[in-house]
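S.K.: One file is attached below, start36.cif, containing mmCIF, C-alpha atoms.
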data_protein
loop_
_atom_site.label_atom_id
_atom_site.label_comp_id
_atom_site.auth_asym_id
_atom_site.auth_seq_id
_atom_site.Cartn_x
_atom_site.Cartn_y
_atom_site.Cartn_z
CA MET A 8 12.76 -67.15 -36.15
CA LYS A 9 9.35 -65.58 -36.94
CA THR A 10 8.20 -66.38 -33.42
CA VAL A 11 11.22 -64.57 -31.95
CA LYS A 12 10.62 -61.52 -34.13
CA LEU A 13 6.94 -61.48 -33.21
CA MET A 14 7.73 -61.67 -29.49
CA THR A 15 10.30 -58.89 -29.87
CA LEU A 16 7.69 -56.68 -31.61
CA VAL A 17 5.06 -57.37 -28.92
CA PHE A 18 7.61 -56.57 -26.19
CA ALA A 19 8.50 -53.28 -27.91
CA ILE A 20 4.84 -52.30 -28.18
CA ILE A 21 4.22 -53.11 -24.50
CA LEU A 22 7.33 -51.15 -23.51
CA ALA A 23 6.21 -48.12 -25.56
CA ILE A 24 2.72 -48.19 -24.03
CA SER A 25 4.22 -48.54 -20.55
CA CYS A 26 6.58 -45.57 -21.08
CA LYS A 27 3.76 -43.43 -22.43
CA ALA A 28 1.60 -44.29 -19.42
CA GLU A 29 4.50 -43.50 -17.09
CA VAL A 30 4.97 -40.07 -18.71
CA LYS A 31 1.26 -39.39 -18.32
CA ASN A 32 1.42 -40.44 -14.69
CA ASP A 33 4.44 -38.18 -14.10
CA LEU A 34 2.63 -35.25 -15.70
CA ALA A 35 -0.47 -35.97 -13.61
CA ILE A 36 1.65 -36.15 -10.44
CA ASN A 37 3.41 -32.90 -11.28
CA GLU A 38 0.11 -31.20 -12.02
CA SER A 39 -1.30 -32.54 -8.77
CA LEU A 40 1.72 -31.26 -6.84
CA GLU A 41 1.33 -27.83 -8.41
CA ASN A 42 -2.29 -27.77 -7.26
CA ILE A 43 -1.30 -28.91 -3.79
CA ASN A 44 1.66 -26.52 -3.52
CA PRO A 45 0.75 -23.32 -5.38
CA VAL A 46 3.14 -20.37 -5.26
CA GLU A 47 2.53 -18.66 -1.94
CA LYS A 48 1.84 -14.97 -1.75
CA HIS A 49 3.85 -13.27 0.95
CA TYR A 50 2.46 -10.44 3.05
CA ILE A 51 3.76 -7.69 5.24
CA ARG A 52 0.94 -7.08 7.71
CA VAL A 53 1.22 -3.98 9.88
CA ALA A 54 -1.33 -3.06 12.54
CA LEU A 55 -0.89 0.56 13.57
CA LEU A 56 -2.34 1.34 17.02
CA LEU A 57 -2.35 5.08 17.62
CA ASP A 58 -3.02 6.92 20.85
CA THR A 59 -5.52 9.69 20.01
CA SER A 60 -5.72 11.32 23.42
CA ASN A 61 -5.27 15.07 23.81
CA SER A 62 -1.48 15.12 23.83
CA MET A 63 -1.08 13.11 20.61
CA ASP A 64 -1.80 15.68 17.89
CA GLY A 65 1.85 15.60 16.87
CA LEU A 66 1.84 11.80 16.54
CA ILE A 67 -1.23 11.84 14.29
CA ASP A 68 0.33 14.61 12.24
CA GLN A 69 3.48 12.53 11.73
CA ALA A 70 1.40 9.51 10.69
CA LYS A 71 -0.38 11.60 8.06
CA ALA A 72 2.81 13.19 6.80
CA GLN A 73 4.98 10.08 6.74
CA LEU A 74 2.59 7.35 5.56
CA TRP A 75 3.78 7.38 1.96
CA GLU A 76 7.49 7.26 2.74
CA ILE A 77 6.87 4.28 5.04
CA VAL A 78 4.90 2.50 2.29
CA ASN A 79 7.55 3.34 -0.30
CA GLU A 80 10.28 1.81 1.83
CA LEU A 81 8.22 -1.37 2.15
CA SER A 82 7.74 -1.51 -1.62
CA TYR A 83 11.47 -2.24 -2.02
CA ALA A 84 11.26 -5.44 0.08
CA LYS A 85 11.68 -8.94 -1.36
CA CYS A 86 10.91 -12.36 0.08
CA LYS A 87 12.26 -15.37 -1.83
CA SER A 88 12.64 -13.19 -4.96
CA GLN A 89 8.98 -12.07 -4.68
CA ARG A 90 7.67 -8.62 -3.88
CA PRO A 91 5.41 -9.16 -0.84
CA ASN A 92 2.00 -7.57 -0.63
CA LEU A 93 1.29 -4.98 2.03
CA GLN A 94 -1.75 -4.83 4.28
CA ILE A 95 -2.30 -2.17 6.93
CA ALA A 96 -4.80 -2.18 9.78
CA LEU A 97 -5.59 0.88 11.86
CA TYR A 98 -6.75 1.27 15.47
CA GLU A 99 -7.15 4.28 17.71
CA TYR A 100 -7.23 4.16 21.50
CA GLY A 101 -7.27 6.47 24.52
CA ASN A 102 -9.88 8.88 23.14
CA ASP A 103 -12.77 9.93 25.40
CA ASN A 104 -15.07 10.06 22.38
CA LEU A 105 -14.79 6.27 22.15
CA SER A 106 -16.90 3.79 24.11
CA SER A 107 -15.77 3.12 27.65
CA TYR A 108 -17.42 -0.33 27.34
CA ASN A 109 -14.84 -1.26 24.68
CA GLY A 110 -11.95 0.19 26.67
CA TYR A 111 -11.78 3.44 24.67
CA ILE A 112 -10.56 1.66 21.55
CA ARG A 113 -11.83 1.52 17.96
CA LYS A 114 -10.90 -0.66 15.03
CA ILE A 115 -10.86 1.85 12.19
CA LEU A 116 -9.71 -0.49 9.42
CA ALA A 117 -9.18 -4.23 9.22
CA PHE A 118 -6.19 -5.35 7.17
CA THR A 119 -6.46 -3.71 3.77
CA ASP A 120 -4.31 -3.06 0.72
CA ASP A 121 -6.45 0.00 -0.11
CA LEU A 122 -3.92 2.69 0.77
CA ASP A 123 -6.27 5.54 -0.10
CA ASP A 124 -8.60 4.24 2.61
CA VAL A 125 -5.71 4.26 5.11
CA SER A 126 -4.85 7.83 4.16
CA LYS A 127 -8.49 8.95 4.34
CA GLU A 128 -8.93 7.49 7.83
CA LEU A 129 -5.68 8.96 9.12
CA PHE A 130 -6.78 12.41 8.00
CA SER A 131 -10.12 11.97 9.75
CA LEU A 132 -8.57 11.26 13.18
CA THR A 133 -9.05 13.78 15.97
CA THR A 134 -7.72 13.77 19.54
CA ASN A 135 -9.61 14.00 22.82
CA GLY A 136 -9.24 12.74 26.40
CA GLY A 137 -8.40 10.16 27.72
CA SER A 138 -7.58 6.72 29.15
CA GLU A 139 -4.95 4.70 27.27
CA TYR A 140 -5.21 0.92 27.69
CA CYS A 141 -2.32 -0.64 25.78
CA GLY A 142 -3.00 -4.26 26.72
CA THR A 143 -6.64 -3.90 25.68
CA VAL A 144 -5.94 -2.50 22.21
CA ILE A 145 -3.18 -5.05 21.53
CA GLN A 146 -5.47 -7.91 22.52
CA SER A 147 -8.30 -6.54 20.38
CA SER A 148 -6.05 -6.34 17.32
CA LEU A 149 -4.98 -9.96 17.85
CA GLU A 150 -8.54 -11.22 18.18
CA ASN A 151 -10.23 -9.13 15.51
CA LEU A 152 -7.70 -9.05 12.66
CA ASP A 153 -6.91 -11.87 10.23
CA TRP A 154 -3.16 -12.37 10.59
CA GLY A 155 -2.95 -15.40 8.28
CA ASN A 156 -1.01 -18.63 8.76
CA ASN A 157 2.07 -18.18 6.56
CA ALA A 158 5.22 -18.37 8.67
CA ASN A 159 7.12 -16.29 6.08
CA ASP A 160 4.78 -13.32 6.47
CA LEU A 161 5.90 -10.33 8.50
CA LYS A 162 3.27 -9.76 11.19
CA MET A 163 3.84 -6.63 13.22
CA ILE A 164 2.01 -4.42 15.65
CA PHE A 165 3.22 -0.86 16.12
CA ILE A 166 1.67 0.78 19.17
CA ALA A 167 2.45 4.43 19.87
CA GLY A 168 1.53 6.51 22.92
CA ASN A 169 2.83 8.22 26.05
CA GLU A 170 0.98 6.87 29.10
CA PRO A 171 2.10 3.92 31.27
CA PHE A 172 1.86 0.62 29.40
CA THR A 173 0.26 -1.01 32.44
CA GLN A 174 -3.18 0.66 32.34
CA GLY A 175 -6.46 -1.15 31.69
CA LYS A 176 -8.09 -4.44 32.66
CA ILE A 177 -6.08 -6.60 30.24
CA ASN A 178 -2.51 -7.13 31.37
CA TYR A 179 -0.07 -6.25 28.60
CA ARG A 180 1.98 -9.34 29.48
CA ASP A 181 -1.01 -11.59 28.69
CA ALA A 182 -1.61 -9.73 25.43
CA SER A 183 2.06 -10.08 24.51
CA LEU A 184 1.95 -13.82 25.20
CA ASN A 185 -1.02 -14.15 22.85
CA ALA A 186 0.86 -12.17 20.21
CA LYS A 187 3.85 -14.47 20.54
CA GLU A 188 1.65 -17.53 20.01
CA LYS A 189 0.30 -16.01 16.79
CA GLY A 190 3.76 -15.12 15.53
CA VAL A 191 3.00 -11.41 15.83
CA VAL A 192 5.79 -9.06 16.93
CA VAL A 193 4.77 -6.10 19.10
CA ASN A 194 6.85 -2.96 18.58
CA THR A 195 6.36 -0.11 21.03
CA ILE A 196 6.91 3.57 20.27
CA TYR A 197 6.98 5.83 23.29
CA CYS A 198 6.23 9.47 22.52
CA GLY A 199 8.63 11.21 24.84
CA ASP A 200 11.84 10.59 26.78
CA TYR A 201 13.44 7.18 26.18
CA ASN A 202 14.10 6.43 29.86
CA GLN A 203 10.62 7.48 30.87
CA GLY A 204 9.24 4.97 28.38
CA VAL A 205 11.44 2.28 29.88
CA SER A 206 10.24 3.03 33.43
CA SER A 207 6.59 2.93 32.31
CA ASN A 208 7.02 -0.57 30.81
CA TRP A 209 6.97 0.27 27.09
CA LYS A 210 10.31 -1.45 26.58
CA GLU A 211 9.19 -4.63 28.35
CA GLY A 212 6.02 -4.60 26.23
CA ALA A 213 8.19 -4.95 23.14
CA GLN A 214 10.78 -7.35 24.54
CA LEU A 215 8.16 -9.96 25.48
CA THR A 216 7.60 -10.67 21.77
CA TYR A 217 11.18 -9.94 20.65
CA GLY A 218 9.98 -6.63 19.24
CA ASP A 219 11.70 -3.26 19.26
CA TYR A 220 11.22 -0.45 21.74
CA MET A 221 11.75 3.07 20.41
CA SER A 222 11.12 6.60 21.58
CA ILE A 223 10.27 9.49 19.30
CA ASN A 224 9.72 13.20 19.52
CA HIS A 225 6.09 13.14 18.42
CA ASN A 226 5.98 16.94 18.21
CA GLN A 227 8.91 17.12 15.81
CA GLN A 228 7.85 18.59 12.49
CA THR A 229 8.30 16.30 9.50
CA VAL A 230 11.08 17.49 7.21
CA HIS A 231 10.70 16.58 3.55
CA ILE A 232 13.67 16.94 1.25
CA ALA A 233 12.91 18.44 -2.15
CA SER A 234 14.64 17.00 -5.21
CA PRO A 235 15.21 18.22 -8.79
CA TYR A 236 12.86 15.48 -10.02
CA ASP A 237 9.77 16.43 -8.01
CA ASP A 238 8.00 18.61 -10.59
CA VAL A 239 8.26 16.00 -13.32
CA ILE A 240 7.00 13.26 -10.99
CA LEU A 241 3.98 15.38 -10.03
CA GLN A 242 3.19 15.95 -13.72
CA LEU A 243 3.28 12.19 -14.20
CA ASN A 244 0.79 11.83 -11.35
CA ILE A 245 -1.72 13.89 -13.33
CA LYS A 246 -1.26 11.60 -16.32
CA LEU A 247 -1.44 8.53 -14.09
CA ASN A 248 -4.82 9.51 -12.65
CA LYS A 249 -6.26 9.65 -16.17
CA THR A 250 -5.60 5.93 -16.66
CA TYR A 251 -8.08 4.92 -13.96
CA VAL A 252 -11.42 3.57 -15.20
CA TYR A 253 -14.00 3.43 -12.44
CA TYR A 254 -16.81 0.89 -12.26
CA GLY A 255 -19.41 -0.20 -9.72
CA GLN A 256 -21.87 1.75 -7.59
CA ASP A 257 -19.15 3.43 -5.55
CA GLY A 258 -16.56 3.74 -8.30
CA ARG A 259 -16.98 7.44 -8.99
CA ASN A 260 -16.76 8.25 -5.26
CA LYS A 261 -13.58 6.23 -4.86
CA MET A 262 -11.98 7.99 -7.79
CA THR A 263 -12.86 11.29 -6.07
CA ARG A 264 -11.33 9.90 -2.87
CA GLN A 265 -8.11 9.22 -4.79
CA THR A 266 -7.96 12.89 -5.82
CA ASN A 267 -8.74 14.01 -2.28
CA GLN A 268 -5.83 11.99 -0.88
CA ASP A 269 -3.56 13.58 -3.50
CA SER A 270 -4.65 16.92 -2.08
CA ASN A 271 -4.15 15.81 1.52
CA ALA A 272 -0.58 14.72 0.75
CA ALA A 273 0.15 17.97 -1.07
CA GLY A 274 -1.20 19.86 1.95
CA TYR A 275 1.96 18.97 3.86
CA SER A 276 4.48 19.72 1.13
CA LYS A 277 5.33 19.14 -2.51
CA ALA A 278 7.79 16.44 -1.45
CA ASN A 279 5.04 14.58 0.42
CA ALA A 280 2.85 14.67 -2.69
CA VAL A 281 5.80 13.24 -4.58
CA SER A 282 6.11 10.42 -2.02
CA ARG A 283 2.46 9.54 -2.59
CA THR A 284 3.00 9.52 -6.36
CA ILE A 285 5.92 7.12 -5.88
CA THR A 286 3.55 4.82 -3.99
CA LYS A 287 1.01 5.06 -6.82
CA GLY A 288 3.72 3.95 -9.20
CA SER A 289 4.52 0.83 -7.15
CA HIS A 290 3.02 -2.67 -6.96
CA LEU A 291 1.56 -1.86 -3.53
CA TYR A 292 -1.03 0.63 -4.82
CA LYS A 293 -4.09 -1.49 -5.67
CA ASN A 294 -7.61 -0.44 -6.53
CA SER A 295 -9.29 -3.53 -7.95
CA SER A 296 -12.54 -2.78 -6.07
CA TRP A 297 -13.24 0.23 -8.29
CA ASP A 298 -10.73 0.42 -11.15
CA LEU A 299 -11.20 -1.83 -14.20
CA VAL A 300 -7.50 -1.94 -15.06
CA ASP A 301 -6.57 -3.35 -11.63
CA ALA A 302 -9.73 -5.49 -11.41
CA GLU A 303 -9.06 -7.30 -14.69
CA GLU A 304 -5.51 -8.06 -13.59
CA GLU A 305 -6.01 -8.92 -9.91
CA ILE A 306 -9.49 -10.42 -9.49
CA GLU A 307 -9.32 -14.12 -10.33
CA ASP A 308 -12.94 -14.59 -11.42
CA PHE A 309 -13.41 -11.11 -12.88
CA SER A 310 -16.04 -10.93 -15.65
CA TYR A 311 -17.13 -8.01 -17.84
CA ASP A 312 -20.58 -9.62 -17.93
CA GLU A 313 -21.14 -8.48 -14.35
CA ILE A 314 -20.31 -4.83 -15.09
CA LYS A 315 -23.36 -2.56 -15.26
CA LYS A 316 -23.02 0.02 -18.01
CA GLU A 317 -24.73 2.67 -15.87
CA ASP A 318 -21.88 2.37 -13.35
CA LEU A 319 -19.23 3.29 -15.93
CA PRO A 320 -17.92 6.74 -16.96
CA ASP A 321 -20.17 8.51 -19.46
CA ASN A 322 -17.78 7.99 -22.37
CA LEU A 323 -17.92 4.20 -21.89
CA LYS A 324 -21.61 3.55 -21.24
CA ASP A 325 -22.42 2.88 -24.90
CA LYS A 326 -19.34 0.75 -25.61
CA SER A 327 -19.61 -2.94 -26.45
CA THR A 328 -17.77 -5.43 -24.24
CA GLU A 329 -15.02 -5.78 -26.83
CA GLU A 330 -14.65 -2.00 -27.13
CA LEU A 331 -14.53 -1.69 -23.34
CA LYS A 332 -11.82 -4.37 -23.12
CA ALA A 333 -9.77 -2.59 -25.79
CA TYR A 334 -10.10 0.72 -23.93
CA VAL A 335 -9.02 -0.85 -20.63
CA GLU A 336 -6.03 -2.50 -22.31
CA LEU A 337 -5.00 0.88 -23.73
CA GLN A 338 -5.12 2.42 -20.24
CA ARG A 339 -3.11 -0.49 -18.83
CA LYS A 340 -0.30 0.04 -21.33
CA GLU A 341 -0.29 3.78 -20.67
CA ARG A 342 -0.24 3.23 -16.91
CA LYS A 343 2.68 0.81 -17.04
CA HIS A 344 4.59 3.28 -19.19
CA ILE A 345 3.94 6.11 -16.70
CA GLN A 346 4.76 3.94 -13.69
CA ASN A 347 8.07 2.93 -15.28
CA GLU A 348 8.91 6.60 -15.78
CA ILE A 349 8.07 7.28 -12.12
CA LYS A 350 10.31 4.40 -10.99
CA THR A 351 13.20 5.68 -13.10
CA LEU A 352 12.89 9.18 -11.68
CA ASN A 353 12.45 7.85 -8.16
CA LYS A 354 15.74 5.98 -8.41
CA LYS A 355 17.48 9.27 -9.17
CA ARG A 356 15.47 11.01 -6.44
CA ARG A 357 16.51 8.44 -3.82
CA GLU A 358 20.16 8.82 -4.77
CA PHE A 359 19.84 12.60 -4.44
CA ILE A 360 18.13 12.39 -1.04
CA THR A 361 20.67 9.86 0.27
CA THR A 362 23.50 12.29 -0.41
CA THR A 363 21.74 15.30 1.17
CA GLU A 364 19.63 14.10 4.09
CA LYS A 365 20.75 14.09 7.70
CA GLU A 366 20.03 11.41 10.26
CA ASN A 367 16.46 11.87 11.50
CA SER A 368 15.94 9.13 14.07
CA LYS A 369 13.27 10.67 16.24
CA THR A 370 10.16 10.38 14.03
CA LEU A 371 7.46 7.73 13.54
CA GLU A 372 8.73 6.94 10.03
CA SER A 373 12.34 6.29 11.01
CA ALA A 374 11.32 4.22 14.05
CA MET A 375 8.96 2.00 12.05
CA ILE A 376 11.31 1.45 9.10
CA LYS A 377 14.22 0.59 11.39
CA ALA A 378 12.15 -2.03 13.23
CA ILE A 379 10.62 -3.49 10.08
CA LYS A 380 13.98 -3.97 8.36
CA LYS A 381 15.52 -5.54 11.47
CA GLN A 382 12.67 -8.03 11.88
CA ALA A 383 12.41 -8.72 8.14
CA LYS A 384 16.07 -9.71 8.04
CA LYS A 385 15.33 -12.57 10.44
CA LYS A 386 12.98 -14.03 7.79
CA ASN A 387 15.48 -13.52 4.97
CA TYR A 388 13.76 -10.51 3.46
CA THR A 389 16.01 -8.31 1.36
CA TRP A 390 15.80 -4.66 0.34
CA ASN A 391 16.59 -3.11 -3.03
#
Just give me the structure as structure tokens.
M.R.:
Amino acid sequence: MKTVKLMTLVFAIILAISCKAEVKNDLAINESLENINPVEKHYIRVALLLDTSNSMDGLIDQAKAQLWEIVNELSYAKCKSQRPNLQIALYEYGNDNLSSYNGYIRKILAFTDDLDDVSKELFSLTTNGGSEYCGTVIQSSLENLDWGNNANDLKMIFIAGNEPFTQGKINYRDASLNAKEKGVVVNTIYCGDYNQGVSSNWKEGAQLTYGDYMSINHNQQTVHIASPYDDVILQLNIKLNKTYVYYGQDGRNKMTRQTNQDSNAAGYSKANAVSRTITKGSHLYKNSSWDLVDAEEEIEDFSYDEIKKEDLPDNLKDKSTEELKAYVELQRKERKHIQNEIKTLNKKRREFITTTEKENSKTLESAMIKAIKKQAKKKNYTWN
């Protein structure tokens, strides 16, 4: 009897040890799977290729005036319950001031989430000339931009101009084939009569990659609709700017750049300044390269030990690391509070605009948003 009891006890102990080991193995496997399959970040990548020849002043003006509304519309997108990140690249082509060796094209910005940089570069564009080589600039953007490998990302080229799509040494059909292989959709925006764009191959340029062809009146003045909430939103922008804490050698300059882009937006209209403030209240407005609040939250290996006190604002140079952390945390809480207020007011603003605006289908903004939503739907993106 004692022998049976002893064997039963030994069996129970072995079973317990085995179960414990199995649980550990399961945990290890799960942890390993999490490391192998981390949560993917989704991106909307938009390369904007703008004709900056003599006749395109209106197009550039629309890009400046409508940037923030385009970004705001993208901020409402979701992919698999996540808010995707936005990166914008910027090219100009067809300008006689550019090198003929490179086909009169220039990569102004690689893909970036620094929206102030995008705004700054748009406002620095001038027109002159020239010779517009669509195939060449499309091919350059495919070769010289990092499009990533995630099949769920939206990868789109928007090329706008008004000369025949067939010009230049690189055949647009070859460029479109390369785009298709990379999973990049080419959308073409002809600045002028729809049928004229069709006859000059702009429509075919889009269809080769299952993109959209659109025509716009590039000289049409942007109409911004004022709302009863605009003044309050602009006051919140002033408060929002005070929550930024610059650092690094170029931090002070980038904070000045932020203010300058506020002024550029306001130069078009109060409503455009409001649109920019809405962007600043969204998840798409990121400044981790110069703002401590964003840096602490977004940079994986961020360390206060690497911050040089001489590169901080005067009121923080004598602070200890703990005091600096406490100050940054205070600004973070204040910023989130302000951004939530902006979002609440923007919801009311959008409802107001929806009930008062008229169809405006002949501008850069409306053409881009229409195409983006159509192509996003194919990858199960939703909007809200």
S.K.: Using all atoms listed in the file, find the one residue out of A:Gln382, A:Ser296, A:Thr133, A:Asn151 that sits nearest to Met163 in chain A.
M.R.: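 Ranked by minimum distance to Met163 in chain A, first place goes to A:Gln382.
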S.K.: If we count only C-alpha atoms and set the cut-off at 6 Å, which residues sit around Lys85 in chain A, ignoring sequence neighbours fewer than 5 positions away in its own chain? Please answer as a short mmCIF file (atom, residue, chain, number, x, y, z; two decimals) with C-alpha atoms, keeping the file's coordinate frame.
M.R.:
data_model
loop_
_atom_site.label_atom_id
_atom_site.label_comp_id
_atom_site.auth_asym_id
_atom_site.auth_seq_id
_atom_site.Cartn_x
_atom_site.Cartn_y
_atom_site.Cartn_z
CA ARG A 90 7.67 -8.62 -3.88
CA TYR A 388 13.76 -10.51 3.46
CA THR A 389 16.01 -8.31 1.36
#
S.K.: If you count all atoms listed in the file, which residues fall within 8 Å of range 237-250 of chain A, apart from same-chain ones fewer than 2 positions away, as JSON, numbers by chain?
M.R.: {"A": [233, 234, 235, 252, 277, 278, 280, 281, 284, 338, 339, 341, 342, 345, 346, 349, 352]}
S.K.: Which residues come within 10 Å of range 95-107 of chain A, counting only C-alpha atoms, excluding same-chain residues fewer than 6 positions away, as JSON, numbers by chain?
M.R.: {"A": [51, 52, 53, 54, 55, 56, 57, 58, 59, 60, 61, 63, 78, 113, 114, 115, 116, 117, 118, 119, 120, 121, 122, 124, 125, 128, 129, 132, 133, 134, 135, 136, 137, 138, 139, 140, 141, 143, 144, 145, 147, 148, 152, 153, 163, 164, 165, 166, 167, 168, 170]}
S.K.: The PyMOL selection byres ((chain A and resi 359-364) around 10) - which residues does that actually catch in the file I just gave you? List them as a count of residues only.
M.R.: 16
S.K.: Compile the contact shell of range 368-373 of chain A as a compact mmCIF listing (two decimals) with C-alpha atoms, keeping the file's coordinate frame: residues with an atom at most 7 Å away, counting all atoms listed in the file, same-chain residues fewer than 5 positions apart removed.
M.R.:
# COMPACT_ATOMS: atom_id res chain seq x y z
CA GLN A 69 3.48 12.53 11.73
CA ALA A 70 1.40 9.51 10.69
CA GLN A 73 4.98 10.08 6.74
CA ILE A 77 6.87 4.28 5.04
CA ILE A 223 10.27 9.49 19.30
CA ASN A 224 9.72 13.20 19.52
CA HIS A 225 6.09 13.14 18.42
S.K.: Name the residues that the PyMOL selection byres ((chain A and resi 75) around 8) pulls out of this structure, and write them as a PDB file with C-alpha atoms, in the frame of the given file.
M.R.:
ATOM      1  CA  ALA A  72       2.810  13.190   6.800  1.00  0.00           C
ATOM      2  CA  GLN A  73       4.980  10.080   6.740  1.00  0.00           C
ATOM      3  CA  LEU A  74       2.590   7.350   5.560  1.00  0.00           C
ATOM      4  CA  GLU A  76       7.490   7.260   2.740  1.00  0.00           C
ATOM      5  CA  ILE A  77       6.870   4.280   5.040  1.00  0.00           C
ATOM      6  CA  VAL A  78       4.900   2.500   2.290  1.00  0.00           C
ATOM      7  CA  ASN A  79       7.550   3.340  -0.300  1.00  0.00           C
ATOM      8  CA  ASN A 279       5.040  14.580   0.420  1.00  0.00           C
ATOM      9  CA  SER A 282       6.110  10.420  -2.020  1.00  0.00           C
ATOM     10  CA  ARG A 283       2.460   9.540  -2.590  1.00  0.00           C
ATOM     11  CA  THR A 286       3.550   4.820  -3.990  1.00  0.00           C
TER      12      THR A 286
END
S.K.: With the file shown as input, list the residues that the PyMOL selection byres ((chain A and resi 179) around 9) selects, as an mmCIF file with C-alpha atoms, in the coordinates of the input.
M.R.:
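expr18.cif written:
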data_model
loop_
_atom_site.group_PDB
_atom_site.id
_atom_site.type_symbol
_atom_site.label_atom_id
_atom_site.label_comp_id
_atom_site.auth_asym_id
_atom_site.auth_seq_id
_atom_site.Cartn_x
_atom_site.Cartn_y
_atom_site.Cartn_z
ATOM 1 C CA TYR A 140 -5.210 0.920 27.690
ATOM 2 C CA CYS A 141 -2.320 -0.640 25.780
ATOM 3 C CA GLY A 142 -3.000 -4.260 26.720
ATOM 4 C CA THR A 143 -6.640 -3.900 25.680
ATOM 5 C CA ILE A 145 -3.180 -5.050 21.530
ATOM 6 C CA GLN A 146 -5.470 -7.910 22.520
ATOM 7 C CA PHE A 172 1.860 0.620 29.400
ATOM 8 C CA THR A 173 0.260 -1.010 32.440
ATOM 9 C CA GLN A 174 -3.180 0.660 32.340
ATOM 10 C CA GLY A 175 -6.460 -1.150 31.690
ATOM 11 C CA ILE A 177 -6.080 -6.600 30.240
ATOM 12 C CA ASN A 178 -2.510 -7.130 31.370
ATOM 13 C CA ARG A 180 1.980 -9.340 29.480
ATOM 14 C CA ASP A 181 -1.010 -11.590 28.690
ATOM 15 C CA ALA A 182 -1.610 -9.730 25.430
ATOM 16 C CA SER A 183 2.060 -10.080 24.510
ATOM 17 C CA LEU A 184 1.950 -13.820 25.200
ATOM 18 C CA GLY A 212 6.020 -4.600 26.230
#
S.K.: For the atom pair CA of Glu150 in chain A and CA of Glu188 in chain A, what is the interatomic distance in Å to one decimal place?
M.R.: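 Computed distance, CA of Glu150 in chain A to CA of Glu188 in chain A, equals 12.1 Å.
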S.K.: Using only C-alpha atoms, which residue out of A:Lys162, A:Lys316, A:His290, A:Lys71 lies closest to Ala84 in chain A?
M.R.: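 Closest to Ala84 in chain A of all the choices is A:His290.
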S.K.: Would you list the contacts of Glu303 in chain A as a list in words, taking every protein, DNA or RNA residue within 12 Å and counting only C-alpha atoms, but skipping same-chain residues closer than 2 positions in sequence?
M.R.: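 Here the answer would be Val252, Tyr254, Lys293, Asn294, Ser295, Ser296, Trp297, Asp298, Leu299, Val300, Asp301, Glu305, Ile306, Glu307, Asp308, Phe309, Ser310, Tyr311, Ile314, Leu331, Lys332, Val335, Glu336, Gln338 and Arg339 of chain A.
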S.K.: Rounded to one decimal place, report the CA of Ser222 in chain A-CA of Gly199 in chain A distance in Å.
M.R.: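 Those two atoms sit 6.2 Å apart.
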